[in-house]
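To start, the structure under review is shown below, and the notes come after it.
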Amino acid sequence: MSRDLILGTAGHIDHGKTSLVKSLTGIDTDRLPEEKSRGITIDIGFASLILGEFRIGVVDVPGHERFIRNMLAGATGIDVALLVVAADDSVMPQTREHLESCNCSA
């Protein structure tokens with residue numbers, strides 16, 4: 001019997017959330033022309049992944065504060081969060097804000 005989970009991304013803009021989702025699932029969650037041209041996520045995107053007994057729905061959310069309404073729309077019903085931090089950039093102020101939004105402790 002499979003178990004369904006919703007995984008949401010979190011992290012600073014340009015830290016590779018969408019690239020990681022694409023690497024894991026093969027799905028580019030940036031579908032809008034503006035997202036492609038600007039190289040940033042503006043609206044929530046969706047992908048799926050099967051890992052053993054788990055069927056995982058992935059919600060890739062924007063990391064920029066200007067798109068916080070879109071991020072919050074995608075953050076409802078998340079079972080597990082994937083906090084992404086770029087190794088070449090380290091933890092940023094928005095990284096800490098996203099962590100707080102996940103109700104996690106630092």
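Naming scheme: A, B, ... for chains in displayed order of the structure tokens; residues 1 onward per chain; ligands 1 onward as shown.
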
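For stretch 12-94 of chain A, backbone-based DSSP assignment of strand (DSSP E) covers Gly45, Phe46, Ala47, Ser48, Leu49, Ile50, Leu51, Phe54, Arg55, Ile56, Gly57, Val58, Val59, Asp60, Val80, Ala81, Leu82 and Leu83 of chain A.
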
Stretch 9-48 of chain A near stretch 75-84 of chain A within 8 Å: what's each residue's closest atom pair and its distance in Å to one decimal, counting only C-alpha atoms, ordered by chain then ascending residue number, as a tab-separated table?
```
residue	atom	partner	partner_atom	distance
A:Thr9	CA	A:Leu82	CA	4.8
A:Ala10	CA	A:Leu83	CA	4.7
A:Gly11	CA	A:Val84	CA	5.1
A:His12	CA	A:Val84	CA	7.6
A:His15	CA	A:Val84	CA	6.5
A:Gly16	CA	A:Val84	CA	7.0
A:Lys17	CA	A:Val84	CA	6.1
```

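Distances to A:Met1 were evaluated for A:Glu53, A:Asp60, A:Glu97, A:Glu35 using only C-alpha atoms, and the minimum falls at A:Glu53.
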
>> I'd like the interatomic distance between atom CA of A:Ser2 and atom CA of A:Arg55, to a tenth of an Å.
In response: 6.6 Å

> What separation in Å, quoted to one decimal, exists between atom CA of A:Ser48 and atom CA of A:Ser90?
Replying inline: 27.5 Å

>> Please return, as a PyMOL selection string, all residues of chain A that DSSP assigns to helix (DSSP H, G or I) on the basis of the backbone.
In response: chain A and resi 17-25+33-38+65-74+93-101

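Of the listed residues A:Ala86, A:Ile13, A:Val91, A:Leu99, the one whose atoms come nearest to A:Arg38 is A:Ile13, with distances taken using only C-alpha atoms.
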
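Near A:Ile40, within 9 Å and counting only C-alpha atoms, sit A:Ile13, A:Asp14, A:Thr18, A:Asp30, A:Glu34, A:Glu35, A:Lys36, A:Ser37, A:Pro62, A:Gly63, A:His64, not including residues fewer than 3 positions from it in the same chain.
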
Write a file of the just-selected residues containing N, CA, C and O atoms, as an mmCIF file, in the first residue's frame.
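Output file result_20.cif follows:
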```
data_model
loop_
_atom_site.group_PDB
_atom_site.id
_atom_site.type_symbol
_atom_site.label_atom_id
_atom_site.label_comp_id
_atom_site.auth_asym_id
_atom_site.auth_seq_id
_atom_site.Cartn_x
_atom_site.Cartn_y
_atom_site.Cartn_z
ATOM 1 N N ILE A 13 15.568 32.889 -2.788
ATOM 2 C CA ILE A 13 15.534 32.950 -4.244
ATOM 3 C C ILE A 13 16.928 32.628 -4.802
ATOM 4 O O ILE A 13 17.939 32.963 -4.181
ATOM 5 N N ASP A 14 16.979 31.973 -5.907
ATOM 6 C CA ASP A 14 18.229 31.602 -6.590
ATOM 7 C C ASP A 14 19.074 30.578 -5.842
ATOM 8 O O ASP A 14 20.264 30.463 -6.096
ATOM 9 N N THR A 18 13.923 25.002 -7.760
ATOM 10 C CA THR A 18 13.321 24.482 -8.990
ATOM 11 C C THR A 18 14.269 23.529 -9.700
ATOM 12 O O THR A 18 13.839 22.487 -10.213
ATOM 13 N N ASP A 30 8.710 25.540 -13.423
ATOM 14 C CA ASP A 30 8.552 26.902 -13.945
ATOM 15 C C ASP A 30 7.960 26.793 -15.345
ATOM 16 O O ASP A 30 8.629 26.381 -16.288
ATOM 17 N N GLU A 34 7.366 34.277 -18.328
ATOM 18 C CA GLU A 34 8.102 35.246 -17.510
ATOM 19 C C GLU A 34 9.075 34.536 -16.558
ATOM 20 O O GLU A 34 10.174 35.028 -16.302
ATOM 21 N N GLU A 35 8.675 33.383 -16.039
ATOM 22 C CA GLU A 35 9.574 32.618 -15.168
ATOM 23 C C GLU A 35 10.800 32.160 -15.958
ATOM 24 O O GLU A 35 11.929 32.225 -15.461
ATOM 25 N N LYS A 36 10.574 31.706 -17.179
ATOM 26 C CA LYS A 36 11.676 31.241 -18.029
ATOM 27 C C LYS A 36 12.627 32.389 -18.362
ATOM 28 O O LYS A 36 13.841 32.244 -18.276
ATOM 29 N N SER A 37 12.066 33.550 -18.729
ATOM 30 C CA SER A 37 12.919 34.670 -19.141
ATOM 31 C C SER A 37 13.671 35.298 -17.970
ATOM 32 O O SER A 37 14.808 35.724 -18.127
ATOM 33 N N PRO A 62 7.631 30.024 -4.890
ATOM 34 C CA PRO A 62 8.573 31.126 -5.123
ATOM 35 C C PRO A 62 9.377 31.434 -3.866
ATOM 36 O O PRO A 62 8.882 31.289 -2.752
ATOM 37 N N GLY A 63 10.618 31.892 -4.053
ATOM 38 C CA GLY A 63 11.459 32.234 -2.921
ATOM 39 C C GLY A 63 11.609 33.721 -2.702
ATOM 40 O O GLY A 63 12.230 34.149 -1.742
ATOM 41 N N HIS A 64 11.032 34.539 -3.578
ATOM 42 C CA HIS A 64 11.183 35.991 -3.470
ATOM 43 C C HIS A 64 10.015 36.584 -2.698
ATOM 44 O O HIS A 64 8.858 36.212 -2.895
#
```

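Comparing A:Ile44, A:Leu51, A:Ser19, A:Gly8 by their smallest distance to A:His98, the closest is A:Gly8 (using only C-alpha atoms).
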
>> I'd like the interatomic distance between atom CA of A:Thr95 and atom CA of A:Gly45, to a tenth of an Å.
In response: 19.4 Å

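Candidate residues A:Thr29, A:Ser101, A:Gln94, A:Ser23 were compared for distance to A:Asp43, and the nearest is A:Thr29, using only C-alpha atoms.
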